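Participant: File name entry_16.tsv; file contents TSV, C-alpha atoms; full text below.
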chain	number	residue	atom	x	y	z
A	141	LYS	CA	-9.32	32.66	25.52
A	142	THR	CA	-6.71	30.17	26.62
A	143	LYS	CA	-9.32	27.39	26.58
A	144	ASN	CA	-10.47	28.38	23.11
A	145	TRP	CA	-6.86	28.49	21.91
A	146	VAL	CA	-6.20	24.99	23.26
A	147	ILE	CA	-9.37	23.66	21.63
A	148	GLY	CA	-8.35	25.30	18.38
A	149	MET	CA	-4.88	23.80	18.53
A	150	VAL	CA	-6.25	20.33	19.26
A	151	GLY	CA	-8.56	20.65	16.29
A	152	LYS	CA	-5.69	21.83	14.12
A	153	LEU	CA	-3.50	18.90	15.18
A	154	GLU	CA	-6.29	16.44	14.45
A	155	TRP	CA	-6.74	18.00	11.04
A	156	MET	CA	-3.01	17.82	10.33
A	157	LYS	CA	-3.10	14.09	11.16
A	158	TYR	CA	-6.00	13.78	8.75
A	159	VAL	CA	-4.13	15.58	5.97
A	160	MET	CA	-0.94	13.59	6.58
A	161	LEU	CA	-2.66	10.22	6.34
A	162	PHE	CA	-4.69	11.29	3.34
A	163	ALA	CA	-1.43	12.29	1.70
A	164	LEU	CA	-0.20	8.73	2.20
A	165	LEU	CA	-2.91	7.58	-0.14
A	166	VAL	CA	-1.19	9.15	-3.10
A	167	VAL	CA	2.21	7.59	-2.38
A	168	PRO	CA	2.98	5.22	-5.26
A	169	PHE	CA	2.31	1.54	-4.71
A	170	SER	CA	5.80	0.17	-4.12
A	171	PHE	CA	4.88	-3.34	-5.12
A	172	ALA	CA	2.33	-2.51	-7.77
A	173	VAL	CA	4.67	-0.37	-9.86
A	174	SER	CA	7.91	-2.20	-9.17
A	175	PRO	CA	10.18	-2.43	-12.24
A	176	GLN	CA	10.08	-6.20	-11.88
A	177	GLY	CA	6.30	-6.14	-11.62
A	178	VAL	CA	4.17	-8.56	-9.64
A	179	ARG	CA	2.09	-11.45	-10.80
A	180	GLY	CA	-0.37	-13.94	-9.37
A	181	THR	CA	-0.78	-13.47	-5.62
A	182	GLY	CA	1.38	-10.33	-5.76
A	183	LEU	CA	-0.99	-8.68	-8.21
A	184	GLU	CA	-3.92	-9.71	-6.04
A	185	ALA	CA	-2.21	-7.96	-3.12
A	186	ALA	CA	-1.76	-4.82	-5.21
A	187	MET	CA	-5.44	-4.92	-6.09
A	188	LEU	CA	-6.31	-5.28	-2.43
A	189	GLU	CA	-4.33	-2.13	-1.64
A	190	VAL	CA	-6.24	-0.32	-4.37
A	191	ASN	CA	-9.46	-1.32	-2.64
A	192	CYS	CA	-8.07	-0.27	0.76
A	193	LYS	CA	-7.19	3.18	-0.52
A	194	THR	CA	-10.40	3.60	-2.47
A	195	ASP	CA	-12.70	2.52	0.35
A	196	PHE	CA	-10.94	4.87	2.74
A	197	THR	CA	-11.07	7.77	0.30
A	198	ILE	CA	-14.74	7.29	-0.55
A	199	GLY	CA	-15.50	7.03	3.17
A	200	VAL	CA	-13.79	10.39	3.69
A	201	ILE	CA	-15.68	11.85	0.72
A	202	ASN	CA	-19.02	10.75	2.16
A	203	SER	CA	-18.14	12.13	5.58
A	204	VAL	CA	-17.04	15.52	4.25
A	205	ASP	CA	-19.99	15.82	1.86
A	206	SER	CA	-22.36	14.98	4.70
A	207	ALA	CA	-20.75	17.61	6.92
A	208	ALA	CA	-20.94	20.17	4.12
A	209	ASN	CA	-24.53	19.14	3.33
A	210	SER	CA	-23.59	18.76	-0.33
A	211	SER	CA	-22.64	16.27	-3.00
A	212	ASN	CA	-19.71	18.29	-4.32
A	213	LEU	CA	-17.33	15.37	-4.08
A	214	SER	CA	-19.54	12.59	-5.45
A	215	SER	CA	-18.03	12.81	-8.92
A	216	TYR	CA	-14.60	12.03	-7.46
A	217	ALA	CA	-15.99	8.92	-5.78
A	218	THR	CA	-17.52	7.82	-9.08
A	219	LYS	CA	-14.21	8.30	-10.88
A	220	LEU	CA	-12.33	6.24	-8.31
A	221	GLN	CA	-14.89	3.45	-8.57
A	222	THR	CA	-14.40	3.47	-12.33
A	223	ASP	CA	-10.65	3.22	-11.78
A	224	VAL	CA	-11.11	0.26	-9.46
A	225	SER	CA	-13.16	-1.57	-12.10
A	226	ALA	CA	-10.47	-0.92	-14.72
A	227	LEU	CA	-7.68	-2.11	-12.43
A	228	GLN	CA	-9.64	-5.20	-11.44
A	229	ALA	CA	-9.92	-6.08	-15.13
A	230	TYR	CA	-6.13	-5.86	-15.48
A	231	ALA	CA	-5.70	-7.99	-12.34
A	232	ASP	CA	-8.15	-10.61	-13.61
A	233	GLN	CA	-6.14	-10.85	-16.82
A	234	ASN	CA	-2.87	-11.02	-14.84
A	235	ASP	CA	-1.74	-8.01	-16.87
A	236	THR	CA	0.96	-6.54	-14.65
A	237	ASP	CA	2.16	-3.99	-17.21
A	238	GLY	CA	-1.35	-2.69	-17.85
A	239	PHE	CA	-2.05	-2.55	-14.12
A	240	ARG	CA	1.16	-0.64	-13.40
A	241	THR	CA	0.57	1.83	-16.23
A	242	TYR	CA	-3.00	2.54	-15.13
A	243	VAL	CA	-1.98	3.02	-11.48
A	244	LYS	CA	0.74	5.52	-12.39
A	245	GLY	CA	-1.06	7.29	-15.21
A	246	THR	CA	-4.67	7.39	-13.99
A	247	TYR	CA	-5.40	6.08	-10.50
A	248	GLU	CA	-2.72	7.96	-8.58
A	249	PRO	CA	-3.46	11.29	-10.36
A	250	ASP	CA	-7.17	10.77	-9.55
A	251	LEU	CA	-6.27	10.23	-5.89
A	252	ARG	CA	-4.25	13.44	-5.88
A	253	SER	CA	-7.07	15.48	-7.41
A	254	THR	CA	-9.52	13.93	-4.93
A	255	ASN	CA	-7.22	14.81	-2.05
A	256	SER	CA	-7.05	18.42	-3.19
A	257	ALA	CA	-10.83	18.66	-3.62
A	258	VAL	CA	-11.53	17.16	-0.19
A	259	VAL	CA	-9.14	19.58	1.49
A	260	ASP	CA	-10.80	22.53	-0.28
A	261	VAL	CA	-14.31	21.49	0.82
A	262	ARG	CA	-13.09	20.70	4.33
A	263	LYS	CA	-11.82	24.28	4.72
A	264	THR	CA	-15.34	25.64	4.19
A	265	ILE	CA	-16.91	23.61	7.01
A	266	ARG	CA	-17.54	25.38	10.31
A	267	GLY	CA	-18.84	24.25	13.68
A	268	ASN	CA	-17.10	22.24	16.39
A	269	ALA	CA	-19.80	19.57	16.48
A	270	THR	CA	-19.58	19.01	12.74
A	271	ARG	CA	-15.80	18.90	12.80
A	272	GLY	CA	-15.96	16.51	15.73
A	273	THR	CA	-18.17	14.17	13.73
A	274	MET	CA	-15.74	14.26	10.84
A	275	ARG	CA	-12.82	13.51	13.17
A	276	SER	CA	-14.71	10.53	14.58
A	277	ASP	CA	-15.53	9.29	11.08
A	278	TYR	CA	-11.92	9.71	10.10
A	279	GLN	CA	-10.57	7.76	13.07
A	280	ASN	CA	-12.88	4.84	12.30
A	281	LEU	CA	-11.97	4.92	8.62
A	282	ARG	CA	-8.29	5.15	9.46
A	283	GLY	CA	-8.40	2.05	11.65
A	284	THR	CA	-10.11	0.05	8.93
A	285	PHE	CA	-7.66	1.36	6.33
A	286	GLU	CA	-4.56	0.47	8.36
A	287	ASN	CA	-5.79	-3.08	8.96
A	288	CYS	CA	-6.69	-3.49	5.31
A	289	ARG	CA	-3.35	-2.18	4.11
A	290	LEU	CA	-1.43	-4.39	6.52
A	291	ASP	CA	-3.24	-7.40	5.06
A	292	ALA	CA	-2.36	-6.28	1.53
A	293	LEU	CA	1.31	-5.80	2.35
A	294	LYS	CA	1.55	-9.14	4.12
A	295	ARG	CA	-0.05	-10.86	1.15
A	296	TYR	CA	2.53	-9.30	-1.11
A	297	ALA	CA	5.36	-10.23	1.25
A	298	ASN	CA	4.19	-13.84	1.32
A	299	ALA	CA	3.99	-13.83	-2.48
A	300	LYS	CA	7.57	-12.54	-2.56
A	301	ILE	CA	8.68	-15.31	-0.20
A	302	ASN	CA	6.95	-17.93	-2.33
A	303	GLY	CA	8.65	-16.52	-5.41
A	304	TYR	CA	12.04	-16.67	-3.73
A	305	GLU	CA	11.48	-20.26	-2.60
A	306	ASN	CA	10.43	-21.28	-6.11
A	307	THR	CA	13.55	-19.61	-7.50
A	308	LEU	CA	15.76	-21.51	-5.07
A	309	GLU	CA	14.06	-24.78	-5.98
A	310	ARG	CA	14.88	-24.18	-9.65
A	311	TYR	CA	18.51	-23.48	-8.76
A	312	GLU	CA	18.67	-26.63	-6.66
A	313	ASP	CA	17.38	-28.66	-9.61
A	314	LYS	CA	20.07	-27.16	-11.83
A	315	ILE	CA	22.74	-27.88	-9.21
A	316	GLU	CA	21.62	-31.50	-8.99
A	317	ALA	CA	21.83	-31.81	-12.78
A	318	LEU	CA	25.38	-30.46	-12.71
A	319	ALA	CA	26.37	-32.76	-9.85
A	320	ALA	CA	25.04	-35.73	-11.83
A	321	LYS	CA	27.63	-34.84	-14.47
A	322	ASN	CA	30.39	-35.00	-11.84
A	323	ILE	CA	30.75	-31.20	-11.74
A	324	THR	CA	31.76	-29.78	-8.37
A	325	THR	CA	28.79	-27.85	-7.02
A	326	SER	CA	29.78	-27.12	-3.41
A	327	GLY	CA	30.14	-23.38	-4.08
A	328	LEU	CA	26.73	-23.19	-5.73
A	329	THR	CA	25.14	-25.18	-2.93
A	330	ALA	CA	26.63	-22.80	-0.37
A	331	ILE	CA	25.20	-19.79	-2.21
A	332	VAL	CA	21.71	-21.29	-2.20
A	333	SER	CA	22.06	-22.19	1.47
A	334	ASP	CA	23.16	-18.63	2.28
A	335	ALA	CA	20.19	-17.23	0.37
A	336	LYS	CA	17.85	-19.27	2.56
A	337	SER	CA	19.53	-18.46	5.86
A	338	GLN	CA	20.40	-14.82	5.18
A	339	ILE	CA	17.35	-13.65	3.23
A	340	VAL	CA	14.37	-16.01	3.13
A	341	ASP	CA	14.38	-17.13	6.76
A	342	PRO	CA	14.91	-13.61	8.19
A	343	LEU	CA	12.20	-12.30	5.87
A	344	LYS	CA	9.75	-14.91	7.14
A	345	SER	CA	10.63	-14.25	10.78
A	346	ALA	CA	10.40	-10.47	10.49
A	347	LEU	CA	7.13	-10.69	8.59
A	348	ASN	CA	5.58	-12.84	11.30
A	349	SER	CA	6.61	-10.23	13.87
A	350	ALA	CA	5.37	-7.19	11.93
A	351	THR	CA	2.31	-5.50	13.37
A	352	ASN	CA	1.86	-2.56	11.00
A	353	GLY	CA	2.38	-1.57	7.38
A	354	SER	CA	5.55	0.41	8.02
A	355	GLN	CA	7.25	-2.60	9.57
A	356	VAL	CA	6.30	-4.80	6.62
A	357	ARG	CA	7.64	-2.24	4.14
A	358	GLU	CA	10.90	-2.03	6.08
A	359	VAL	CA	11.23	-5.82	6.08
A	360	LEU	CA	10.64	-5.95	2.33
A	361	ALA	CA	13.19	-3.21	1.71
A	362	GLN	CA	15.89	-5.06	3.65
A	363	ASN	CA	15.55	-8.60	2.28
A	364	CYS	CA	15.89	-9.09	-1.47
A	365	PHE	CA	17.44	-11.41	-4.04
A	366	PHE	CA	19.59	-10.29	-6.97
A	367	ASN	CA	20.71	-7.03	-5.29
A	368	GLY	CA	17.08	-5.91	-5.35
A	369	CYS	CA	17.34	-3.87	-2.13
A	370	PRO	CA	19.29	-0.61	-2.59
A	371	ASN	CA	19.84	-0.40	1.20
A	372	GLY	CA	19.29	-4.03	2.18
Kindly return the structure encoded in the file as structure tokens.

Facilitator:
Amino acid sequence: KTKNWVIGMVGKLEWMKYVMLFALLVVPFSFAVSPQGVRGTGLEAAMLEVNCKTDFTIGVINSVDSAANSSNLSSYATKLQTDVSALQAYADQNDTDGFRTYVKGTYEPDLRSTNSAVVDVRKTIRGNATRGTMRSDYQNLRGTFENCRLDALKRYANAKINGYENTLERYEDKIEALAAKNITTSGLTAIVSDAKSQIVDPLKSALNSATNGSQVREVLAQNCFFNGCPNG
């Protein structure tokens, strides 16, 4: 009995890990739905995260449907693929507002409904061997997902850095124009210098050291221009 209890608890813990990560998939895209929006490379990064989440979710759907010997979840996979096509169209058009609206109004609700459906089907599946196969599938999918998401976040972080550097270049041009008119610009120059040393350089350094998505998100939340970080 003790052995069976331990096996049961291990299985339960594995399943809780599964549910917890799957729940992460419906957390809003911090950079895709930012009030300031993202464009260019940033929007490409947001689209990459869409693909990361979708590929992981469809992988889970296929695993669970296979274990249940059914196709009960196939319609959810089809809906997510339709969402990806719609979001890719917005990304191709560099339509940040349309992308953000679709993520919040359609894609994220579809992920939530998929999550609920997967959990419901998963509860009906019995057999240690079958559950073991699903756990193995999940671990493989999770590894791929984490690597994919890390790439997406780093792409966005690099886009943010490029945006900051471009902003500073514009300010430097304006400062030079003022200096050419014999206006004292030492205070402005110091502000730009501080922005580089206190925000851009630390952001670059921390990003290079980050090894997972959580670290990248923390770095992004702590290094912002224009008071953009509530706690940074």

Participant: I need the residue nearest A:Thr284 from this list: A:Thr270, A:Asn191, A:Asn322, A:Ser206. Use only C-alpha atoms for the distance.

Facilitator: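 Ranking A:Thr270, A:Asn191, A:Asn322, A:Ser206 by distance to A:Thr284, first place goes to A:Asn191.
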
Participant: Restricting the calculation to all atoms listed in the file, which member of A:Phe366, A:Tyr278, A:Tyr304, A:Phe196 is positioned closest to A:Val340?

Facilitator: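 Looking only at the distances to A:Val340, the closest residue turns out to be A:Tyr304.
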
Participant: Which distance in Å separates atom CA of A:Lys193 and atom CA of A:Asn268, to one decimal?

Facilitator: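 Spanning atom CA of A:Lys193 to atom CA of A:Asn268 is a straight-line distance of 27.3 Å.
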
Participant: Can you tell me which residues surround A:Gln233 at a distance of at most 12 Å, considering only C-alpha atoms, apart from same-chain residues fewer than 4 positions away, and format the answer as a ChimeraX atom specification?

Facilitator: /A:179-180,183-184,226-229,237-239

Participant: Hey, could you pull the box centre and edge lengths for stretch 226-243 of chain A, axis-aligned, 4 Å padding per side, all listed atoms, to one decimal in Å, as AutoDock Vina command-line options?

Facilitator:
--center_x -4.2 --center_y -4.0 --center_z -14.6 --size_x 20.6 --size_y 22.0 --size_z 14.4

Participant: Separation of atom CA of A:Asp277 and atom CA of A:Ser203, in Å?

Facilitator: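 These two atoms are separated by 6.7 Å.
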
Participant: Give the answer as one residue: which of A:Ala207, A:Met187, A:Ala269, A:Leu251 has the shortest atom-to-atom distance to A:Tyr230, using only C-alpha atoms?

Facilitator: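 The shortest atom-to-atom distance to A:Tyr230 comes from A:Met187.
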
Participant: Can you tell me, as number ranges by chain, which residues sit within 12 Å of (14.6, -6.9, 0.4) in the file's frame, using all atoms listed in the file?

Facilitator: A: 171, 297, 300-301, 304, 335, 338-340, 342-344, 346-347, 356-372

Participant: List the spatial neighbours of A:Gly182 as JSON, numbers by chain - criterion: any atom at most 10 Å away, all atoms listed in the file, same-chain residues fewer than 6 positions off excluded.

Facilitator: {"A": [171, 172, 188, 231, 236, 292, 293, 294, 295, 296, 297, 298, 299, 300, 303]}

Participant: Using all atoms listed in the file, which of A:Val224, A:Ala317, A:Met274, A:Leu328 sits nearest A:Arg262?

Facilitator: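 For A:Arg262, the nearest of the candidates is A:Met274.
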
Participant: Rank A:Glu309, A:Asp334, A:Asp260, A:Asp291 by their smallest atom-to-atom distance to A:Gly353, using only C-alpha atoms, and report the top residue only.

Facilitator: A:Asp291

Participant: Return the single residue from A:Ile198, A:Ala217, A:Leu318, A:Val190 that is closest to A:Leu281, with distances computed using only C-alpha atoms.

Facilitator: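 Using only C-alpha atoms, A:Leu281 sits closest to A:Ile198.
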
Participant: If I only have part of stretch 186-207 of chain A, can you fill in N, CA and C atoms and write it as a PDB file, in the coordinates of the input?

Facilitator:
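The result, stored in rebuild26.pdb:
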ATOM      1  N   ALA A 186      -1.717  -6.195  -4.714  1.00  0.00           N
ATOM      2  CA  ALA A 186      -1.760  -4.820  -5.210  1.00  0.00           C
ATOM      3  C   ALA A 186      -3.194  -4.362  -5.399  1.00  0.00           C
ATOM      4  N   MET A 187      -4.034  -5.261  -5.906  1.00  0.00           N
ATOM      5  CA  MET A 187      -5.440  -4.920  -6.090  1.00  0.00           C
ATOM      6  C   MET A 187      -6.126  -4.692  -4.753  1.00  0.00           C
ATOM      7  N   LEU A 188      -5.738  -5.475  -3.758  1.00  0.00           N
ATOM      8  CA  LEU A 188      -6.310  -5.280  -2.430  1.00  0.00           C
ATOM      9  C   LEU A 188      -5.951  -3.903  -1.889  1.00  0.00           C
ATOM     10  N   GLU A 189      -4.703  -3.463  -2.129  1.00  0.00           N
ATOM     11  CA  GLU A 189      -4.330  -2.130  -1.640  1.00  0.00           C
ATOM     12  C   GLU A 189      -5.107  -1.041  -2.370  1.00  0.00           C
ATOM     13  N   VAL A 190      -5.383  -1.257  -3.639  1.00  0.00           N
ATOM     14  CA  VAL A 190      -6.240  -0.320  -4.370  1.00  0.00           C
ATOM     15  C   VAL A 190      -7.590  -0.196  -3.669  1.00  0.00           C
ATOM     16  N   ASN A 191      -8.156  -1.329  -3.306  1.00  0.00           N
ATOM     17  CA  ASN A 191      -9.460  -1.320  -2.640  1.00  0.00           C
ATOM     18  C   ASN A 191      -9.373  -0.666  -1.265  1.00  0.00           C
ATOM     19  N   CYS A 192      -8.261  -0.912  -0.549  1.00  0.00           N
ATOM     20  CA  CYS A 192      -8.070  -0.270   0.760  1.00  0.00           C
ATOM     21  C   CYS A 192      -8.090   1.242   0.622  1.00  0.00           C
ATOM     22  N   LYS A 193      -7.291   1.734  -0.315  1.00  0.00           N
ATOM     23  CA  LYS A 193      -7.190   3.180  -0.520  1.00  0.00           C
ATOM     24  C   LYS A 193      -8.516   3.771  -0.990  1.00  0.00           C
ATOM     25  N   THR A 194      -9.154   3.071  -1.908  1.00  0.00           N
ATOM     26  CA  THR A 194     -10.400   3.600  -2.470  1.00  0.00           C
ATOM     27  C   THR A 194     -11.504   3.632  -1.441  1.00  0.00           C
ATOM     28  N   ASP A 195     -11.651   2.554  -0.677  1.00  0.00           N
ATOM     29  CA  ASP A 195     -12.700   2.520   0.350  1.00  0.00           C
ATOM     30  C   ASP A 195     -12.496   3.615   1.380  1.00  0.00           C
ATOM     31  N   PHE A 196     -11.236   3.814   1.780  1.00  0.00           N
ATOM     32  CA  PHE A 196     -10.940   4.870   2.740  1.00  0.00           C
ATOM     33  C   PHE A 196     -11.291   6.240   2.156  1.00  0.00           C
ATOM     34  N   THR A 197     -10.857   6.471   0.934  1.00  0.00           N
ATOM     35  CA  THR A 197     -11.070   7.770   0.300  1.00  0.00           C
ATOM     36  C   THR A 197     -12.550   8.067   0.113  1.00  0.00           C
ATOM     37  N   ILE A 198     -13.304   7.078  -0.346  1.00  0.00           N
ATOM     38  CA  ILE A 198     -14.740   7.290  -0.550  1.00  0.00           C
ATOM     39  C   ILE A 198     -15.437   7.490   0.797  1.00  0.00           C
ATOM     40  N   GLY A 199     -14.953   6.799   1.833  1.00  0.00           N
ATOM     41  CA  GLY A 199     -15.500   7.030   3.170  1.00  0.00           C
ATOM     42  C   GLY A 199     -15.289   8.464   3.612  1.00  0.00           C
ATOM     43  N   VAL A 200     -14.093   8.993   3.354  1.00  0.00           N
ATOM     44  CA  VAL A 200     -13.790  10.390   3.690  1.00  0.00           C
ATOM     45  C   VAL A 200     -14.677  11.335   2.869  1.00  0.00           C
ATOM     46  N   ILE A 201     -14.823  11.032   1.590  1.00  0.00           N
ATOM     47  CA  ILE A 201     -15.680  11.850   0.720  1.00  0.00           C
ATOM     48  C   ILE A 201     -17.097  11.922   1.277  1.00  0.00           C
ATOM     49  N   ASN A 202     -17.648  10.781   1.643  1.00  0.00           N
ATOM     50  CA  ASN A 202     -19.020  10.750   2.160  1.00  0.00           C
ATOM     51  C   ASN A 202     -19.143  11.530   3.466  1.00  0.00           C
ATOM     52  N   SER A 203     -18.122  11.413   4.313  1.00  0.00           N
ATOM     53  CA  SER A 203     -18.140  12.130   5.580  1.00  0.00           C
ATOM     54  C   SER A 203     -18.096  13.637   5.373  1.00  0.00           C
ATOM     55  N   VAL A 204     -17.193  14.083   4.501  1.00  0.00           N
ATOM     56  CA  VAL A 204     -17.040  15.520   4.250  1.00  0.00           C
ATOM     57  C   VAL A 204     -18.270  16.082   3.542  1.00  0.00           C
ATOM     58  N   ASP A 205     -18.786  15.352   2.560  1.00  0.00           N
ATOM     59  CA  ASP A 205     -19.990  15.820   1.860  1.00  0.00           C
ATOM     60  C   ASP A 205     -21.175  15.915   2.818  1.00  0.00           C
ATOM     61  N   SER A 206     -21.281  14.945   3.728  1.00  0.00           N
ATOM     62  CA  SER A 206     -22.360  14.980   4.700  1.00  0.00           C
ATOM     63  C   SER A 206     -22.224  16.195   5.619  1.00  0.00           C
ATOM     64  N   ALA A 207     -20.993  16.460   6.048  1.00  0.00           N
ATOM     65  CA  ALA A 207     -20.750  17.610   6.920  1.00  0.00           C
ATOM     66  C   ALA A 207     -21.026  18.921   6.204  1.00  0.00           C
TER      67      ALA A 207
END
